[in-house]
Each structure stands twice: as structure tokens, then as C-alpha cells.
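Asks: Right, I'll just put the structure down here and ask away after.
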Amino acid sequence: MDKNRSKVSIVIPTYNRPDLLRRAVESSLNQTYSNIEVIVVDDHSDHDLNALIKEYPSVKFYQNEDNKGGCYSRNRGISESTGEYINFLDDDDELLPDKIGLQVQKFRESLVDNIGFVTAHTEDNRSGEKVIKTNRVSGNMYRKLLTGYAISGIETMLIKKECLLETGGFDDKLKSSQEYDLMIRLSEKYNVDFVDRVLSREYRSRDQISLNFEKKMAGARYLFQKHDLRYREVGPFFWLKMRLKLRGLICRFYIGKWFGEKAYRFTIRN
């Protein structure tokens, strides 16, 4: 790849997972696209990252003065970045080698106007089984995203930095669903396209938010309250539908809290 092409910043927030962080960093450095900077924002880990810092001198490491959460760390990564495009990567996931190159190419060749972000498919291993999540989405996704999770995986997306700045980045008041909230706000102003390939992998970790049902309940309530006006603007029946959907989500989260992960995943599949 031509080094004079647009720079891409890969932002990796991390907290107390140096063993997993190495895989995420390696997958970022092993991209076939060469004009990349890798930014790691450590959310004041208890673990010493000096060995990793020395091992990867090209990676830009930053540490928060205290523990501020993933949204703050991602937003700090945005502010420290110098790329035209940004790819967020959780420290327990990884990018496949062609990911950045194919998505930059899609930005250049896409027939979608006013494009702000490009996605792709992902291999999800978090349930203990390999599941391919497809993101065949293009054009205006705002209404679909208001309805639900129409795009899966923050790491699947390559986003124009100017669009992130325009929409305000991540909301650090959210306890969960931060990526979903960002996608709603991005899609309100910008369109999306996709690369029809699996370009990332998601893995299970011991403290993943997707299984913290208290945070999921708090996040859902805050999210629906935040976007209540958007629901009303679509129409009263849509607003009522979304209020009923919130009640259904809360019920599923209670099932997960009381009866465990398997029962929760059963409610998702049925």
C-alpha cells in the first residue's frame, strides 16, 4: 500500500488485560495497509504495561490519571489521533490483516453519497461457539438503527474522524450500549457502506460488559430516555413500540441476572 494514502488511527482502550492487549496490538500492527498509527489508552490499570511499551516502540501509549471508563478512553484516543479515519478495537478482540486496507478502498470506491463509516462482518466467539455476524448495510441506516442493533461490533467499523468530532464521540454517561448510541447519532447525519468480508474477531473475556446485566439495564434505560425525542419525531406508534421494546429488554436482562447467561441467550434466540 502507498504510504502517502490517508492515515488511519487504531484506538485500543485497555484496562487490566495486558495478556489480551498484546493480541489486539499485534493484529493492528500486522495490517497490510501501511499508513497506520496505533494508540493504546490505558484506563489506569493495576498491571504494569512497561514491558509492552518497550516491546512496541511504534505504538503510542497513554494512561488516564484515574479509572474513567471505556468511553472516556476512546474519546481520549480520538483527541490524540492524527488519522483521517479511526478504527476502535477493544483489547480482547482482533482485526484481520486486510481490514483497514479494504475499508479505506471502500471509502474511495463506494457509490454511497455522504458516507461517514464503513463496516464489515465479524466472527463472534463470545458465546463459546463461532458465529458469523453479517453487516450487509448501505445508505441511510438511521431508522433501522433507532429500531435496534442493525450493525454489530464497534471494531467492524472504520469511521471518518471528522464525523466522530461532529457527532460528539462517545457518551461517557452510558454504562453499556455506548457503540449503539454512537451509531444512532452517526447515522442521523451520515450514510454507511460495507465490505462483504469477515474482517475481525470478537472474543469472550472474564469481565465483558455484555454479561453485566446491571449495567445493561442502566444503559438501556438511559439510552431510551436520551433518544426519546427521536422516537417521538418518527411518530406516536413508533414511540409506543420502542417503549414496549424497552420493557422487553429489561425483562430479558432480569432473566439473565436471575437465571444466568444460558437463559439470557435463549431469550435472544427465541
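Going through the C-alpha cells in order, the chains are called A, B, and so on, while each chain numbers its residues from 1 and the ligands are numbered from 1 in the order shown.
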Could you pull the residues within 12 Å of A:Glu26, counting only C-alpha atoms, minus those fewer than 4 positions along the same chain, as a list in words?

Replies: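 Everything that qualifies: Ile10, Ile12, Asp19, Leu20, Leu21, Arg22, Asn30, Gln31, Val38, Leu52, Glu55, Tyr56, Ser58, Val59, Leu89, Asp91, Asp92, Asp93, Glu94, Leu95, Leu96 and Pro97 of chain A.
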
Asks: With DSSP run on the backbone, what are the alpha helix (DSSP H) residues within stretch 29-268 of chain A? I'd like them as an MDAnalysis selection string.

Replies: chainID A and resid 29 50:55 70:80 99:109 142:147 161:167 178:189 213:226 228:234 236:259 261:268

Asks: Would you output that residue set with C-alpha atoms, as a short mmCIF file (atom, residue, chain, number, x, y, z; two decimals), in the first residue's frame?

Replies:
data_model
loop_
_atom_site.label_atom_id
_atom_site.label_comp_id
_atom_site.auth_asym_id
_atom_site.auth_seq_id
_atom_site.Cartn_x
_atom_site.Cartn_y
_atom_site.Cartn_z
CA LEU A 29 0.44 -3.68 13.53
CA ASN A 50 6.15 -1.03 30.72
CA ALA A 51 7.18 -4.33 29.14
CA LEU A 52 4.57 -3.90 26.41
CA ILE A 53 5.56 -0.29 25.85
CA LYS A 54 9.17 -1.32 25.31
CA GLU A 55 8.14 -4.23 23.09
CA GLY A 70 -14.08 2.96 28.16
CA CYS A 71 -15.95 5.94 26.67
CA TYR A 72 -13.50 8.44 28.15
CA SER A 73 -10.58 6.33 26.93
CA ARG A 74 -11.96 6.12 23.40
CA ASN A 75 -12.64 9.85 23.34
CA ARG A 76 -9.10 10.49 24.51
CA GLY A 77 -7.89 8.24 21.71
CA ILE A 78 -9.84 10.40 19.24
CA SER A 79 -8.24 13.57 20.62
CA GLU A 80 -4.73 12.09 20.46
CA LYS A 99 -9.32 -4.99 7.33
CA ILE A 100 -8.06 -1.43 7.13
CA GLY A 101 -6.90 -1.65 3.52
CA LEU A 102 -10.21 -2.99 2.21
CA GLN A 103 -12.26 -0.44 4.13
CA VAL A 104 -10.16 2.54 3.02
CA GLN A 105 -10.60 1.24 -0.53
CA LYS A 106 -14.37 1.04 0.02
CA PHE A 107 -14.43 4.67 1.15
CA ARG A 108 -12.76 5.64 -2.13
CA GLU A 109 -14.85 3.42 -4.42
CA TYR A 142 -30.92 5.92 10.81
CA ARG A 143 -34.46 4.47 11.08
CA LYS A 144 -33.20 0.88 11.31
CA LEU A 145 -30.70 1.82 13.99
CA LEU A 146 -33.38 3.57 16.01
CA THR A 147 -35.29 0.29 15.96
CA LYS A 161 -12.62 11.30 12.28
CA GLU A 162 -14.41 14.47 11.24
CA CYS A 163 -17.75 12.63 11.58
CA LEU A 164 -16.86 11.48 15.10
CA LEU A 165 -15.98 15.03 16.09
CA GLU A 166 -19.17 16.37 14.53
CA THR A 167 -21.37 13.92 16.46
CA GLN A 178 -22.14 3.05 24.01
CA GLU A 179 -21.40 1.88 20.47
CA TYR A 180 -25.10 1.65 19.63
CA ASP A 181 -25.69 5.19 20.85
CA LEU A 182 -22.80 6.44 18.71
CA MET A 183 -24.15 4.63 15.63
CA ILE A 184 -27.58 6.27 16.05
CA ARG A 185 -26.01 9.72 16.15
CA LEU A 186 -23.62 9.00 13.26
CA SER A 187 -26.37 7.57 11.06
CA GLU A 188 -28.54 10.61 11.69
CA LYS A 189 -26.03 12.69 9.72
CA PHE A 213 -26.85 -7.28 33.43
CA GLU A 214 -27.00 -4.43 35.95
CA LYS A 215 -25.01 -2.22 33.57
CA LYS A 216 -27.11 -3.39 30.62
CA MET A 217 -30.32 -2.39 32.43
CA ALA A 218 -28.93 1.01 33.42
CA GLY A 219 -27.61 1.56 29.90
CA ALA A 220 -30.92 0.61 28.24
CA ARG A 221 -32.95 2.95 30.47
CA TYR A 222 -30.58 5.86 29.88
CA LEU A 223 -30.38 5.16 26.13
CA PHE A 224 -34.14 5.10 25.63
CA GLN A 225 -34.54 8.27 27.68
CA LYS A 226 -31.78 10.00 25.68
CA ASP A 228 -36.99 9.60 23.39
CA LEU A 229 -37.39 12.76 21.28
CA ARG A 230 -36.04 10.95 18.22
CA TYR A 231 -38.63 8.21 18.72
CA ARG A 232 -41.40 10.80 19.08
CA GLU A 233 -40.30 12.55 15.88
CA VAL A 234 -40.90 9.32 13.92
CA PRO A 236 -46.59 8.09 18.25
CA PHE A 237 -46.91 4.43 17.24
CA PHE A 238 -43.15 4.14 16.78
CA TRP A 239 -42.62 5.77 20.19
CA LEU A 240 -45.03 3.27 21.81
CA LYS A 241 -43.30 0.38 20.05
CA MET A 242 -39.95 1.49 21.46
CA ARG A 243 -41.35 1.87 24.98
CA LEU A 244 -42.63 -1.72 24.78
CA LYS A 245 -39.27 -2.84 23.43
CA LEU A 246 -37.51 -1.28 26.44
CA ARG A 247 -39.77 -3.27 28.78
CA GLY A 248 -38.93 -6.44 26.87
CA LEU A 249 -35.21 -5.74 27.09
CA ILE A 250 -35.37 -5.14 30.82
CA CYS A 251 -37.25 -8.42 31.28
CA ARG A 252 -34.56 -10.30 29.34
CA PHE A 253 -31.82 -8.69 31.42
CA TYR A 254 -33.59 -9.74 34.62
CA ILE A 255 -33.77 -13.30 33.27
CA GLY A 256 -30.00 -13.17 32.69
CA LYS A 257 -29.40 -11.74 36.15
CA TRP A 258 -31.56 -14.32 37.94
CA PHE A 259 -31.01 -17.46 35.85
CA GLU A 261 -26.09 -16.47 30.76
CA LYS A 262 -27.61 -19.56 29.09
CA ALA A 263 -31.14 -18.48 29.95
CA TYR A 264 -30.42 -14.96 28.68
CA ARG A 265 -29.02 -16.22 25.37
CA PHE A 266 -32.08 -18.47 25.00
CA THR A 267 -34.33 -15.38 25.16
CA ILE A 268 -32.25 -13.75 22.40
#

Asks: Any chance you could list, as a count of residues only, the residues in stretch 7-243 of chain A that come up strand (DSSP E or B) when DSSP is run on the backbone?

Replies: 53

Asks: Just how far from atom CA of A:Asp124 is atom CA of A:Ser152, in Å to one decimal?

Replies: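 Interatomic distance, atom CA of A:Ser152 to atom CA of A:Asp124: 9.8 Å.
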
Asks: Find the distance between atom CA of A:Ile159 and atom CA of A:Tyr190 and write it in Å to one decimal.

Replies: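 Interatomic distance here is 10.4 Å.
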
Asks: Find, counting only C-alpha atoms, the residue in A:Ile154, A:Leu174, A:Val192, A:Leu111 that gets nearest to A:Ser138.

Replies: A:Val192

Asks: Which residue out of A:Asp193, A:Thr122, A:Gly139, A:Ser9 has the minimum interatomic distance to A:Tyr33 when only C-alpha atoms are used?

Replies: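 The shortest atom-to-atom distance to A:Tyr33 comes from A:Ser9.
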
Asks: If you measure from atom CA of A:Val195 to atom CA of A:Ile86, what distance in Å do you get, rounded to one decimal?

Replies: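 A separation of 16.2 Å between them.
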